[in-house]
file model.cif (mmCIF, C-alpha atoms)
data_upload
#
loop_
_atom_site.label_atom_id
_atom_site.label_comp_id
_atom_site.auth_asym_id
_atom_site.auth_seq_id
_atom_site.Cartn_x
_atom_site.Cartn_y
_atom_site.Cartn_z
CA GLN A 17 128.01 104.97 213.54
CA ALA A 18 129.09 101.81 215.40
CA THR A 19 132.60 102.00 213.89
CA GLU A 20 132.84 105.67 214.74
CA LYS A 21 131.87 105.05 218.36
CA ARG A 22 134.39 102.21 218.64
CA LEU A 23 137.21 104.39 217.29
CA GLN A 24 136.24 107.22 219.62
CA ALA A 25 136.36 104.81 222.59
CA ASP A 26 139.83 103.62 221.50
CA LEU A 27 141.05 107.21 221.24
CA ARG A 28 139.68 108.00 224.70
CA SER A 29 141.68 105.06 226.08
CA LEU A 30 144.78 106.53 224.41
CA GLY A 31 144.23 109.89 226.10
CA VAL A 32 142.79 111.81 223.14
CA PRO A 33 139.81 114.04 224.04
CA VAL A 34 137.00 113.14 221.67
CA PRO A 35 135.47 116.69 221.64
CA ALA A 36 138.73 117.84 220.02
CA LEU A 37 137.98 115.52 217.07
CA GLN A 38 134.55 116.79 216.10
CA SER A 39 135.75 118.23 212.79
CA LEU A 40 138.18 117.22 210.07
CA GLU A 41 140.29 120.31 210.78
CA ASN A 42 140.76 119.27 214.41
CA MET A 43 141.66 115.72 213.35
CA ASP A 44 144.30 117.01 210.97
CA ARG A 45 145.69 119.27 213.67
CA VAL A 46 145.98 116.43 216.22
CA MET A 47 147.61 114.20 213.61
CA ARG A 48 150.19 116.87 212.82
CA GLU A 49 150.97 117.25 216.52
CA CYS A 50 151.46 113.50 216.91
CA LEU A 51 153.77 113.36 213.90
CA ILE A 52 155.86 116.25 215.23
CA GLN A 53 156.16 114.57 218.63
CA ARG A 54 157.22 111.27 217.02
CA GLU A 55 159.85 113.00 214.93
CA GLU A 56 161.27 114.78 217.98
CA MET A 57 161.30 111.52 219.92
CA GLN A 58 163.08 109.63 217.15
CA ASN A 59 165.72 112.36 216.83
CA LYS A 60 166.62 112.22 220.52
CA PRO A 61 170.02 110.65 221.26
CA ARG A 62 169.69 106.99 222.20
CA ARG A 63 172.05 104.16 223.01
CA GLN A 64 172.94 102.38 219.77
CA CYS A 65 174.92 99.33 218.77
CA MET A 66 177.96 100.50 216.83
CA LEU A 67 178.76 97.16 215.18
CA GLN A 68 178.99 97.17 211.41
CA VAL A 69 175.63 96.24 209.92
CA ALA A 70 175.51 92.96 208.01
CA TYR A 71 174.65 93.36 204.33
CA LYS A 72 170.99 92.94 203.50
CA ASP A 73 169.87 89.58 202.21
CA PRO A 74 166.58 87.67 202.57
CA ASP A 75 168.47 84.79 204.22
CA ILE A 76 170.44 86.98 206.65
CA GLY A 77 168.74 88.14 209.83
CA GLY A 78 171.57 90.38 210.99
CA LYS A 79 174.10 90.49 213.79
CA ILE A 80 173.00 89.49 217.26
CA GLY A 81 173.85 92.94 218.63
CA HIS A 82 171.35 94.48 216.20
CA LEU A 83 168.52 91.98 216.69
CA ALA A 84 167.50 92.99 220.24
CA TYR A 85 166.97 96.20 222.20
CA VAL A 86 167.18 96.77 225.96
CA GLU A 87 165.44 99.65 227.72
CA ASP A 88 167.44 99.89 230.96
CA ASP A 89 171.09 100.98 230.81
CA ASP A 90 172.20 98.67 233.63
CA ILE A 91 170.55 95.65 232.01
CA ALA A 92 172.04 96.57 228.62
CA ARG A 93 175.49 96.87 230.18
CA VAL A 94 175.55 93.49 231.94
CA LEU A 95 173.81 91.61 229.09
CA SER A 96 176.06 93.08 226.39
CA TRP A 97 179.14 92.17 228.44
CA HIS A 98 177.82 88.67 229.22
CA MET A 99 177.17 88.06 225.49
CA ALA A 100 180.24 89.92 224.22
CA SER A 101 181.54 86.91 222.28
CA ASP A 102 178.20 86.53 220.49
CA MET A 103 177.36 90.16 219.66
CA ASP A 104 179.18 90.13 216.30
CA CYS A 105 177.74 86.78 215.18
CA VAL A 106 175.64 86.88 211.98
CA VAL A 107 172.38 84.94 212.11
CA THR A 108 171.36 83.28 208.83
CA VAL A 109 168.30 81.32 207.85
CA THR A 110 170.13 78.42 206.21
CA THR A 111 173.45 76.69 206.63
CA ALA A 112 174.21 77.28 202.94
CA LYS A 113 174.01 81.04 203.46
CA ALA A 114 176.13 80.75 206.62
CA LYS A 115 178.84 78.95 204.62
CA GLU A 116 178.68 81.67 201.96
CA VAL A 117 179.18 84.43 204.57
CA TYR A 118 181.99 82.43 206.14
CA ARG A 119 183.82 82.06 202.81
CA GLN A 120 183.38 85.72 201.90
CA SER A 121 184.99 86.76 205.20
CA ASN A 122 187.88 84.28 204.80
CA GLY A 123 186.68 82.51 207.93
CA LEU A 124 186.77 85.61 210.15
CA GLN A 125 183.01 86.09 210.56
CA GLN A 126 181.02 84.16 213.14
CA VAL A 127 177.78 82.71 211.74
CA LEU A 128 174.78 80.98 213.26
CA PRO A 129 172.31 79.23 210.93
CA LEU A 130 168.79 78.88 212.27
CA ASP A 131 168.21 75.51 210.63
CA SER A 132 171.02 74.01 212.77
CA ILE A 133 169.41 74.88 216.13
CA TYR A 134 167.90 72.02 218.09
CA CYS A 135 164.72 73.75 219.27
CA ARG A 136 163.76 71.18 221.91
CA THR A 137 166.57 72.36 224.17
CA ILE A 138 165.33 75.95 224.13
CA PRO A 139 163.54 76.86 227.38
CA ASP A 140 159.83 77.45 227.30
CA PRO A 141 159.12 81.22 227.55
CA ASN A 142 156.38 80.49 230.09
CA LYS A 143 158.54 78.23 232.23
CA PRO A 144 158.50 79.25 235.92
CA LEU A 145 161.64 80.60 237.56
CA PRO A 146 163.97 78.07 239.23
CA HIS A 147 162.86 78.98 242.77
CA CYS A 148 159.25 78.10 241.87
CA ARG A 149 160.09 74.49 241.04
CA GLY A 150 159.92 71.56 243.39
CA GLY A 151 156.83 72.91 245.15
CA ASN A 152 158.73 75.80 246.76
CA ARG A 153 156.19 78.42 245.65
CA GLY A 154 155.98 79.99 249.11
CA TYR A 155 159.47 81.44 248.81
CA HIS A 156 159.57 85.11 247.76
CA PRO A 157 163.18 85.97 246.95
CA PRO A 158 164.54 89.51 247.14
CA GLY A 159 166.14 91.19 244.17
CA HIS A 160 163.22 90.93 241.70
CA PRO A 161 164.46 87.87 239.78
CA VAL A 162 163.47 87.67 236.12
CA TYR A 163 164.66 85.74 233.10
CA ALA A 164 167.22 87.76 231.13
CA ARG A 165 165.60 86.88 227.79
CA SER A 166 162.33 88.47 228.92
CA LEU A 167 164.01 91.91 229.09
CA LEU A 168 164.85 91.94 225.37
CA ARG A 169 162.67 93.69 222.81
CA PHE A 170 162.54 92.69 219.16
CA GLN A 171 161.37 94.96 216.36
CA SER A 172 161.34 92.28 213.64
CA HIS A 173 161.60 88.50 213.22
CA ALA A 174 160.37 88.00 216.78
CA ASP A 175 160.03 84.19 216.55
CA ALA A 176 163.53 83.71 215.15
CA CYS A 177 165.00 86.13 217.71
CA GLN A 178 163.32 84.29 220.58
CA THR A 179 164.84 81.06 219.30
CA VAL A 180 168.35 82.55 219.04
CA PHE A 181 168.38 84.33 222.39
CA GLY A 182 166.62 81.45 224.11
CA MET A 183 169.47 79.21 223.01
CA LEU A 184 172.26 81.67 223.90
CA LEU A 185 170.91 82.89 227.25
CA GLY A 186 169.07 79.76 228.30
CA GLU A 187 167.63 80.20 231.80
CA THR A 188 169.95 83.04 232.84
CA VAL A 189 168.32 85.07 235.61
CA ILE A 190 168.89 88.75 236.48
CA LEU A 191 168.58 90.10 240.03
CA ASP A 192 169.33 93.44 241.69
CA THR A 193 172.58 92.90 243.63
CA LEU A 194 175.27 90.30 244.23
CA ASP A 195 173.92 89.60 247.74
CA ASP A 196 170.47 88.96 246.28
CA ALA A 197 172.00 86.61 243.72
CA ASN A 198 173.94 84.61 246.33
CA ALA A 199 170.87 84.27 248.55
CA TYR A 200 168.83 83.20 245.55
CA ARG A 201 171.35 80.57 244.53
CA MET A 202 171.54 79.10 248.03
CA GLU A 203 167.77 78.67 248.03
CA VAL A 204 167.53 77.27 244.49
CA VAL A 205 170.24 74.61 244.83
CA LYS A 206 168.21 73.01 247.61
CA VAL A 207 165.69 71.78 245.04
CA THR A 208 167.20 72.06 241.53
CA HIS A 209 170.11 73.19 239.39
CA CYS A 210 170.79 76.95 239.49
CA PRO A 211 171.51 78.70 236.17
CA THR A 212 173.85 81.62 235.62
CA LEU A 213 172.86 84.70 237.63
CA LEU A 214 173.49 88.30 236.55
CA THR A 215 172.92 91.43 238.58
CA ARG A 216 171.90 94.95 237.65
CA THR A 217 175.06 96.16 239.35
CA GLY A 218 177.17 94.25 236.80
CA ASP A 219 178.13 91.06 238.69
CA ARG A 220 177.86 87.46 237.54
CA ILE A 221 177.57 84.15 239.34
CA ARG A 222 178.24 81.29 236.97
CA SER A 223 176.10 78.19 236.95
CA ASN A 224 178.89 76.35 238.79
CA GLY A 225 178.73 78.91 241.63
CA LYS A 226 181.91 80.83 240.80
CA PHE A 227 181.85 84.62 241.16
CA GLY A 228 184.25 87.52 241.79
CA GLY A 229 187.27 88.82 239.92
CA ILE A 230 187.42 90.97 236.79
CA GLN A 231 186.22 87.99 234.75
CA ASN A 232 182.83 88.18 236.49
CA ARG A 233 182.45 91.95 236.66
CA ALA A 234 181.00 94.00 233.79
CA PRO A 235 182.85 97.17 232.77
CA SER A 236 181.10 100.49 232.26
CA LEU A 237 179.14 101.21 229.10
CA ASP A 238 181.88 103.50 227.81
CA ARG A 239 184.46 100.70 227.92
CA LEU A 240 182.22 98.41 225.89
CA ARG A 241 183.09 100.58 222.84
CA GLY A 242 179.66 100.50 221.27
CA ILE A 243 179.33 96.71 221.37
CA VAL A 244 176.11 97.07 223.33
CA PHE A 245 172.44 96.45 222.75
CA GLY A 246 170.63 99.51 221.44
CA GLN A 247 167.90 101.38 223.27
CA PRO A 248 164.39 101.05 221.83
CA LEU A 249 162.07 103.92 221.21
CA SER A 250 159.94 104.94 224.15
CA THR A 251 156.54 103.38 224.69
CA ASP A 252 155.18 106.86 224.06
CA ASP A 253 156.20 106.40 220.44
CA ASP A 254 153.95 103.36 220.21
CA ARG A 255 151.07 105.31 221.72
CA LEU A 256 151.60 108.19 219.28
CA CYS A 257 151.66 105.72 216.40
CA GLN A 258 148.41 104.14 217.60
CA LYS A 259 146.82 107.57 217.97
CA THR A 260 147.79 108.51 214.42
CA GLU A 261 146.39 105.28 212.96
CA LYS A 262 143.13 105.54 214.91
CA ILE A 263 142.62 109.17 213.89
CA LYS A 264 143.23 108.22 210.25
CA GLU A 265 140.57 105.51 210.49
CA LEU A 266 138.14 107.88 212.20
CA ARG A 267 138.76 110.51 209.53
CA GLN A 268 137.95 108.01 206.77
CA VAL A 269 134.75 106.95 208.55
CA VAL A 270 133.64 110.58 208.99
CA LEU A 271 134.35 111.33 205.31
CA LYS A 272 132.36 108.29 204.14
CA PHE A 273 129.46 109.23 206.40
CA ALA A 274 129.45 112.81 205.12
CA GLN A 275 129.59 111.58 201.51
CA ALA A 276 126.69 109.19 202.08
CA LYS A 277 124.71 111.98 203.71
CA GLU A 278 125.33 114.26 200.71
CA GLU A 279 124.24 111.54 198.29
CA LEU A 280 121.04 110.97 200.30
CA SER A 281 120.28 114.70 200.32
CA ALA A 282 120.85 114.93 196.56
CA HIS A 283 118.55 111.94 196.00
CA GLU A 284 115.83 113.51 198.12
CA GLN A 285 116.17 116.73 196.15
CA ARG A 286 115.77 114.81 192.91
CA LEU A 287 112.62 113.17 194.28
CA HIS A 288 111.11 116.62 194.90
CA SER A 289 112.46 118.27 191.75
CA ALA A 290 110.17 120.08 189.28
CA GLU A 291 111.03 117.65 186.47
CA LEU A 292 110.01 114.60 188.51
CA LEU A 293 106.80 116.30 189.65
CA ARG A 294 105.97 117.12 186.02
CA GLN A 295 106.53 113.49 185.00
CA ARG A 296 104.25 112.32 187.79
CA GLN A 297 101.53 114.72 186.66
CA GLU A 298 101.83 113.49 183.06
CA CYS A 299 101.57 109.87 184.24
CA THR A 300 98.46 110.70 186.27
CA GLN A 301 96.88 112.47 183.29
CA LYS A 302 97.53 109.52 180.96
CA GLU A 303 96.02 107.10 183.47
CA THR A 304 92.92 109.29 183.73
CA GLU A 305 92.58 109.48 179.92
CA LEU A 306 92.95 105.70 179.64
CA ARG A 307 90.13 105.10 182.11
CA ARG A 308 87.93 107.58 180.21
CA LEU A 309 88.51 105.74 176.93
CA GLU A 310 87.71 102.40 178.54
CA GLN A 311 84.42 103.80 179.82
CA GLN A 312 83.53 105.14 176.36
CA ILE A 313 83.88 101.70 174.72
CA GLY A 314 82.09 100.03 177.58
CA LEU A 315 85.02 98.13 179.04
CA SER A 316 85.96 97.95 182.63
CA PRO A 317 89.42 97.02 183.84
CA SER A 318 88.17 93.58 184.89
CA SER A 319 86.61 92.86 181.48
CA VAL A 320 89.77 93.94 179.68
CA SER A 321 91.82 91.51 181.73
CA THR A 322 89.25 88.72 181.06
CA ILE A 323 89.45 89.29 177.31
CA ASN A 324 93.20 89.20 177.43
CA ARG A 325 93.15 85.90 179.34
CA ARG A 326 90.70 84.30 176.90
CA SER A 327 92.74 85.41 173.91
CA ALA A 328 95.86 83.98 175.42
CA SER A 329 94.19 80.62 176.22
CA ALA A 330 92.74 80.34 172.70
CA THR A 331 96.12 80.95 171.16
CA ALA A 332 97.66 78.26 173.33
CA ALA A 333 94.92 75.73 172.43
CA ALA A 334 95.35 76.34 168.69
CA ALA A 335 99.04 75.85 168.94
CA ALA A 336 98.54 72.56 170.82
CA SER A 337 95.98 71.13 168.29
CA THR A 338 98.14 71.73 165.19
CA PRO A 339 100.08 68.48 164.50
CA SER A 340 103.71 68.74 163.77
CA ARG A 341 104.75 67.29 160.42
CA SER A 342 108.10 65.64 160.30
CA PRO A 343 109.84 63.97 157.37
CA SER A 344 109.37 60.53 158.96
CA THR A 345 105.59 60.93 159.41
CA ARG A 346 104.81 62.76 156.14
CA SER A 347 101.91 61.05 154.22
CA ARG A 348 102.88 59.33 150.97
CA ARG A 349 100.73 58.90 147.80
CA PRO A 350 100.01 55.18 147.04
CA PRO A 351 101.63 53.80 143.87
CA PRO A 352 99.31 53.49 140.78
CA SER A 353 97.79 50.03 140.17
CA SER A 354 98.09 48.07 136.90
CA SER A 355 94.39 48.63 136.11
CA ASP A 356 94.93 52.36 135.96
CA SER A 357 97.74 52.21 133.42
CA PRO A 358 97.14 53.64 129.85
CA LEU A 359 97.51 50.17 128.17
CA ALA A 360 94.72 48.72 130.31
CA LYS A 361 92.38 51.56 129.35
CA ARG A 362 92.93 50.92 125.55
CA ARG A 363 92.16 47.17 125.91
CA ARG A 364 88.89 47.99 127.67
CA THR A 365 87.91 50.33 124.92
#
call {"tool": "encode", "arguments": {"input": "model.cif", "output": "structure tokens"}}
result
Amino acid sequence: QATEKRLQADLRSLGVPVPALQSLENMDRVMRECLIQREEMQNKPRRQCMLQVAYKDPDIGGKIGHLAYVEDDDIARVLSWHMASDMDCVVTVTTAKAKEVYRQSNGLQQVLPLDSIYCRTIPDPNKPLPHCRGGNRGYHPPGHPVYARSLLRFQSHADACQTVFGMLLGETVILDTLDDANAYRMEVVKVTHCPTLLTRTGDRIRSNGKFGGIQNRAPSLDRLRGIVFGQPLSTDDDRLCQKTEKIKELRQVVLKFAQAKEELSAHEQRLHSAELLRQRQECTQKETELRRLEQQIGLSPSSVSTINRRSASATAAAAASTPSRSPSTRSRRPPPSSSDSPLAKRRRT
């Protein structure tokens, strides 16, 4: 019951009305609806990375363009353009595998082995933004600044992906517009070094302060020719998946409870069955006959138990008094003396 209540509370938090789950038929119906919605959601057109997929291998993580997903189109556009030279790079677990991929491609494939990354230079994910350093926490910059790496979503190998993108993006910050980025940089350089700044409108201010020109302006998504981070499934897909799993668990709990209830009912029926009642009556009759026989021979239950105890104690005492005869302690007959020999008897006669 406690597990059932907990699952019902979880389903309520996910927006599932609990009265609609009072029967197994309703649970199956809700599960079918969730599966249909997930299938429709997955079949909707989404932004996808069109790079050729790296061949599957336990020591190959994949290409950088396939490792991360970005929800917003503007963020995906400027990040994909900013990392254009890295998108086709294959991430491997070991340097040996990276060399193998390099040789197979005749030196044309970029590779990045994870075991060659110096992790101490990777920024801490919880590190405050540059404008919060140096005690300047009272400054509230416009443009909603945020670390670029925090806008990436990983579907697998999250730790390795955070290492890779933390190294490639570093402390790159994204803001709304170019004016917001310039104002932010002017405030940050008063107290510390300012990293590269990107904007949602597609502009870039390098860490040295340089901006403007086609070199610092992202093209449209169409001109990126599919070399762009893919779009993840909606958060509604995660909620539908959670609903399905919770309903499955609740269904199993309800089935086990119903099975236990049926077993209890069957056991109670056996306890009140005619066969068991007949056996009880026979047992009662035999007990009554035994008491009648004891009364006829003049024995009470207490005297019978006393006799049994005395018999048991006598048997134990007899067993204790009987000495054990071993070969070492066996009595031997004394040897005959010379006076008892046949020659001595003749001389006496």
call {"tool": "resolve_selection", "arguments": {"input": "model.cif", "expression": "the PyMOL selection byres ((chain A and resi 194-207) around 9)", "output": "ChimeraX atom specification"}}
result
/A:146-152,155,157-161,190-193,208-211,213-221,225
call {"tool": "atom_distance", "arguments": {"input": "model.cif", "atom1": "CA of Gln64 (chain A)", "atom2": "CA of Ser101 (chain A)"}}
result
17.9 Å
call {"tool": "atom_distance", "arguments": {"input": "model.cif", "atom1": "CA of Leu280 (chain A)", "atom2": "CA of Lys262 (chain A)"}}
result
27.0 Å
call {"tool": "residues_around", "arguments": {"input": "model.cif", "residues": "region 32-46 of chain A", "least_positions_apart": "4", "cutoff": "9 Å", "atoms": "only C-alpha atoms", "output": "list in words"}}
result
Gln24, Ala25, Asp26, Leu27, Arg28, Cys50, Leu51, Lys259, Thr260, Ile263, Lys264, Leu266, Arg267, Val270 and Leu271 of chain A
call {"tool": "resolve_selection", "arguments": {"input": "model.cif", "expression": "the PyMOL selection byres ((chain A and resi 117) around 12)", "output": "MDAnalysis selection string"}}
result
chainID A and resid 70:73 75:76 78 105:116 118:129
call {"tool": "residues_around", "arguments": {"input": "model.cif", "residues": "His82 (chain A)", "least_positions_apart": "5", "cutoff": "9 Å", "atoms": "only C-alpha atoms", "output": "number ranges by chain"}}
result
A: 64-67, 69, 103-104, 244-246
call {"tool": "residues_around", "arguments": {"input": "model.cif", "residues": "Phe181 (chain A)", "least_positions_apart": "5", "cutoff": "9 Å", "atoms": "all atoms listed in the file", "output": "list in words"}}
result
Ile80, Ala84, Arg165, Leu168, Ala176 and Gly186 of chain A
call {"tool": "write_last_selection", "arguments": {"input": "model.cif", "atoms": "C-alpha atoms", "output": "mmCIF file, in the frame of the given file"}}
result
data_model
loop_
_atom_site.group_PDB
_atom_site.id
_atom_site.type_symbol
_atom_site.label_atom_id
_atom_site.label_comp_id
_atom_site.auth_asym_id
_atom_site.auth_seq_id
_atom_site.Cartn_x
_atom_site.Cartn_y
_atom_site.Cartn_z
ATOM 1 C CA ILE A 80 173.000 89.490 217.260
ATOM 2 C CA ALA A 84 167.500 92.990 220.240
ATOM 3 C CA ARG A 165 165.600 86.880 227.790
ATOM 4 C CA LEU A 168 164.850 91.940 225.370
ATOM 5 C CA ALA A 176 163.530 83.710 215.150
ATOM 6 C CA GLY A 186 169.070 79.760 228.300
#
call {"tool": "resolve_selection", "arguments": {"input": "model.cif", "expression": "the PyMOL selection byres ((chain A and resi 89) around 12)", "output": "list in words"}}
result
Arg62, Arg63, Gln64, Tyr85, Val86, Glu87, Asp88, Asp90, Ile91, Ala92, Arg93, Val94, Leu95, Ser96, Leu167, Arg216, Thr217, Gly218, Ser236, Leu237, Asp238, Val244, Phe245, Gly246, Gln247 and Pro248 of chain A
call {"tool": "write_last_selection", "arguments": {"input": "model.cif", "atoms": "C-alpha atoms", "output": "PDB file, in the frame of the given file"}}
result
ATOM      1  CA  ARG A  62     169.690 106.990 222.200  1.00  0.00           C
ATOM      2  CA  ARG A  63     172.050 104.160 223.010  1.00  0.00           C
ATOM      3  CA  GLN A  64     172.940 102.380 219.770  1.00  0.00           C
ATOM      4  CA  TYR A  85     166.970  96.200 222.200  1.00  0.00           C
ATOM      5  CA  VAL A  86     167.180  96.770 225.960  1.00  0.00           C
ATOM      6  CA  GLU A  87     165.440  99.650 227.720  1.00  0.00           C
ATOM      7  CA  ASP A  88     167.440  99.890 230.960  1.00  0.00           C
ATOM      8  CA  ASP A  90     172.200  98.670 233.630  1.00  0.00           C
ATOM      9  CA  ILE A  91     170.550  95.650 232.010  1.00  0.00           C
ATOM     10  CA  ALA A  92     172.040  96.570 228.620  1.00  0.00           C
ATOM     11  CA  ARG A  93     175.490  96.870 230.180  1.00  0.00           C
ATOM     12  CA  VAL A  94     175.550  93.490 231.940  1.00  0.00           C
ATOM     13  CA  LEU A  95     173.810  91.610 229.090  1.00  0.00           C
ATOM     14  CA  SER A  96     176.060  93.080 226.390  1.00  0.00           C
ATOM     15  CA  LEU A 167     164.010  91.910 229.090  1.00  0.00           C
ATOM     16  CA  ARG A 216     171.900  94.950 237.650  1.00  0.00           C
ATOM     17  CA  THR A 217     175.060  96.160 239.350  1.00  0.00           C
ATOM     18  CA  GLY A 218     177.170  94.250 236.800  1.00  0.00           C
ATOM     19  CA  SER A 236     181.100 100.490 232.260  1.00  0.00           C
ATOM     20  CA  LEU A 237     179.140 101.210 229.100  1.00  0.00           C
ATOM     21  CA  ASP A 238     181.880 103.500 227.810  1.00  0.00           C
ATOM     22  CA  VAL A 244     176.110  97.070 223.330  1.00  0.00           C
ATOM     23  CA  PHE A 245     172.440  96.450 222.750  1.00  0.00           C
ATOM     24  CA  GLY A 246     170.630  99.510 221.440  1.00  0.00           C
ATOM     25  CA  GLN A 247     167.900 101.380 223.270  1.00  0.00           C
ATOM     26  CA  PRO A 248     164.390 101.050 221.830  1.00  0.00           C
TER      27      PRO A 248
END
call {"tool": "closest_residue", "arguments": {"input": "model.cif", "among": "A:Lys21, A:Lys143, A:Lys79, A:Lys277", "to": "Asp102 (chain A)", "atoms": "all atoms listed in the file"}}
result
A:Lys79
call {"tool": "atom_distance", "arguments": {"input": "model.cif", "atom1": "CA of Ile243 (chain A)", "atom2": "CA of Gly81 (chain A)"}}
result
7.2 Å
call {"tool": "closest_residue", "arguments": {"input": "model.cif", "among": "A:Arg48, A:His288, A:Asp254, A:Thr304", "to": "Gln171 (chain A)", "atoms": "only C-alpha atoms"}}
result
A:Asp254
call {"tool": "residues_around", "arguments": {"input": "model.cif", "residues": "Thr137 (chain A)", "least_positions_apart": "5", "cutoff": "12 Å", "atoms": "all atoms listed in the file", "output": "VMD selection string"}}
result
chain A and resid 179 to 180 182 to 187
call {"tool": "closest_residue", "arguments": {"input": "model.cif", "among": "A:Asp175, A:Thr188, A:Pro144, A:Ala100", "to": "Tyr163 (chain A)", "atoms": "all atoms listed in the file"}}
result
A:Thr188
